[in-house]
Amino acid sequence: MASSDFWQRLSSSLAASSEWDAGAAGSSTRVPRGTAKMWMAMDAVTVFLAALVATLYRFRARPVEVVRSFVHGTLFHGMSVWVLLALLCGFACALIVTSRRLHLYDPMRLTNFLHEQRMSAQACLTSGLLLTGTLYLLRAAIISRVVVLETIGLVAIVLGLRRFVYRIFLYRRFDRGLDTRNVLIVGTGIEAHALRQHLDKIRHLGYTFKGFIELPGGSPYEAVTDDIVGNLETLFQNTRKQFIDEIFFTTPCERGIVKSVLEKARVHGVDLRVIPDLYDGLAWNSPIEYVGQFPTIPLHRGAVPEIGLIFKRVFDTALSVLILAFLSPLLLAVAIAVKFDSPGPVLYTSERIGKKGVVFRCIKFRTMVRDADKRRAEIMHMNERDDVLFKVSNDPRITRLGRFLRKYSLDELPQFLNVLRGDMSIVGPRPPLAGEVHKYDLDHLRRLDVTPGITGLWQVQGRQDPSFASYVSLDVTYIDNWSIWLDFKIIMRTIAVVFSGTGT
């Protein structure tokens, strides 16, 4: 059985070396990352909006009148605007600090709903008590106590509701296989088997088990033998093949082995956790982070541009809604034209491989004859690309209308529905077919590290290049240098490419 003393000595030893990641020892010392900072900003905005709504309700006034009275200092009988702002800022800061102390900014997958709601209410009440105490010390009797109480109550309700809605949204994405974290478990003993069952049973944790890694000299637990996917020598080959986000160590081993895995985890951007002894309770005083009921000691966390990715998703959703609404007459006209041009359905759906190998159905307007998939073998000898990609300029299966739709990329407009569902992004590597992925080398799988897109760097820079190596190189360049500004430039260039009619 694993020893908690072993893991404590190991984590202490690693923490003392220069290779230890600052702030990675546990949730109690972790610096807030992008998502946490976003939640903090939203909490602060909620405080000011709640105060505004409470004031409007108390004085039955219009927003413009309240703002004017606030600026001129007549809202609360001459009290300075700066004093009021300072009180609200103090309340917001107290709420943020209290929420952070209660771990409300930790990843939502690591907490349960009831505990989160209880801690959220506690943070609001604690901050509210500090606010009322400050008002008492300042003897600010001119400030309506009703407004203060209503502000605190509104903040508590809005924060609880917002977290509830976001959690429902997150769980639904987990159910569709989106935003989950793929996991490999190092070890094949009872603890490894218990952890696997725990992750499979509690789906809201958002983890997907991908296999066990066998340690040298270990005796595998017979119930999980079939799920062993490799050993330590092939560990990071498996992380690449299966798009692994986190590795869990469940069995003590030599410090050198864990140190070597930690170094490679940093290089590959994979998170690494160790599981201390679950049964003697000695590790509970260590800086730990719970995954469900399992205490873990995080040794490494990969850097993720969380704020940028959130903004990218918001941008994708907003732009897709605008495009679908604005182009709805065109979409209807194309659908009618496709229906009358040739027999068959208006839309064509095909299974594509998305982020982390998740399969989804990609939607397009049909541009080929109804039995095009069955006739593909007949024209394989006409392929103009290498053995991974398939492209025929004068494909006999394409309909007359289909050539026009492809020329101006109109056939891809329904993919904005895929963007709304979260299967695709507006900008990103094109989603490949399963048959293409089967021919990929290990390095080619990097294309699947991100959400596929309708357009991308290859579409605007190397569209006529038949080389698969160039195709992959441009996609990897996009992944390595991604930014919101790069997405914007690609969208602008895509508009020029579409109007030039270079599609085939």
# chains A, B, ... in the order shown; residues from 1 in each chain; ligands from 1
>>> select_by_dssp(residues="range 276-372 of chain A", states="alpha helix (DSSP H)", output="JSON, numbers by chain")
{"A": [306, 307, 308, 309, 310, 311, 312, 313, 314, 315, 316, 317, 318, 319, 320, 321, 322, 323, 324, 325, 326, 328, 329, 330, 331, 332, 333, 334, 335, 336, 337, 338, 339, 340, 341]}
>>> select_by_dssp(residues="range 184-219 of chain A", states="strand (DSSP E or B)", output="ChimeraX atom specification")
/A:184-186,207-214
>>> residues_around(residues="Leu88 in chain A", least_positions_apart="4", cutoff="7 Å", atoms="only C-alpha atoms", output="PyMOL selection string")
chain A and resi 48+84+92
>>> write_last_selection(atoms="N, CA and C atoms", output="PDB file, in the first residue's frame")
ATOM      1  N   PHE A  48     -21.373  46.072  -7.977  1.00  0.00           N
ATOM      2  CA  PHE A  48     -21.784  47.414  -8.400  1.00  0.00           C
ATOM      3  C   PHE A  48     -23.170  47.393  -9.043  1.00  0.00           C
ATOM      4  N   LEU A  84     -18.660  56.708  -1.212  1.00  0.00           N
ATOM      5  CA  LEU A  84     -19.545  55.646  -1.675  1.00  0.00           C
ATOM      6  C   LEU A  84     -18.805  54.636  -2.547  1.00  0.00           C
ATOM      7  N   ALA A  92     -16.472  44.796  -2.583  1.00  0.00           N
ATOM      8  CA  ALA A  92     -16.059  43.900  -3.673  1.00  0.00           C
ATOM      9  C   ALA A  92     -14.746  43.207  -3.345  1.00  0.00           C
TER      10      ALA A  92
END
>>> residues_around(residues="Leu131 in chain A", least_positions_apart="5", cutoff="9 Å", atoms="only C-alpha atoms", output="ChimeraX atom specification")
/A:87-88,90-91,94,126,136,148
>>> closest_residue(among="A:Val427, A:Leu95, A:Val186, A:Leu420", to="Ala123 in chain A", atoms="only C-alpha atoms")
A:Leu95
>>> residues_around(residues="Gly435 in chain A", least_positions_apart="6", cutoff="10 Å", atoms="only C-alpha atoms", output="PyMOL selection string")
chain A and resi 352-353+388-389
>>> residues_around(residues="Ile336 in chain A", least_positions_apart="6", cutoff="12 Å", atoms="only C-alpha atoms", output="PyMOL selection string")
chain A and resi 329-330+342-347+365-366+401
>>> write_last_selection(atoms="C-alpha atoms", output="mmCIF file, in the first residue's frame")
data_model
loop_
_atom_site.group_PDB
_atom_site.id
_atom_site.type_symbol
_atom_site.label_atom_id
_atom_site.label_comp_id
_atom_site.auth_asym_id
_atom_site.auth_seq_id
_atom_site.Cartn_x
_atom_site.Cartn_y
_atom_site.Cartn_z
ATOM 1 C CA PRO A 329 -32.084 34.475 -46.800
ATOM 2 C CA LEU A 330 -28.987 33.253 -48.637
ATOM 3 C CA SER A 342 -30.085 17.037 -57.954
ATOM 4 C CA PRO A 343 -31.792 14.221 -56.033
ATOM 5 C CA GLY A 344 -30.769 13.831 -52.419
ATOM 6 C CA PRO A 345 -30.792 15.670 -49.090
ATOM 7 C CA VAL A 346 -30.011 19.371 -48.809
ATOM 8 C CA LEU A 347 -27.397 18.906 -46.097
ATOM 9 C CA PHE A 365 -24.543 21.848 -48.032
ATOM 10 C CA ARG A 366 -24.488 18.797 -50.304
ATOM 11 C CA LEU A 401 -24.439 23.722 -58.464
#
>>> residues_around(residues="range 291-295 of chain A", least_positions_apart="2", cutoff="7 Å", atoms="only C-alpha atoms", output="PyMOL selection string")
chain A and resi 110+275-276+288-289
>>> write_last_selection(atoms="N, CA and C atoms", output="mmCIF file, in the first residue's frame")
data_model
loop_
_atom_site.group_PDB
_atom_site.id
_atom_site.type_symbol
_atom_site.label_atom_id
_atom_site.label_comp_id
_atom_site.auth_asym_id
_atom_site.auth_seq_id
_atom_site.Cartn_x
_atom_site.Cartn_y
_atom_site.Cartn_z
ATOM 1 N N LEU A 110 -13.760 20.359 -9.350
ATOM 2 C CA LEU A 110 -13.204 19.781 -8.134
ATOM 3 C C LEU A 110 -14.097 19.993 -6.912
ATOM 4 N N ILE A 275 -1.051 10.647 -5.737
ATOM 5 C CA ILE A 275 -2.086 10.320 -4.764
ATOM 6 C C ILE A 275 -1.423 9.850 -3.479
ATOM 7 N N PRO A 276 -1.541 10.585 -2.369
ATOM 8 C CA PRO A 276 -0.989 10.111 -1.101
ATOM 9 C C PRO A 276 -1.826 8.966 -0.549
ATOM 10 N N ILE A 288 -2.812 19.981 -0.343
ATOM 11 C CA ILE A 288 -3.427 19.022 -1.258
ATOM 12 C C ILE A 288 -4.611 19.651 -1.974
ATOM 13 N N GLU A 289 -5.038 18.976 -3.022
ATOM 14 C CA GLU A 289 -6.203 19.380 -3.789
ATOM 15 C C GLU A 289 -7.034 18.127 -4.037
#
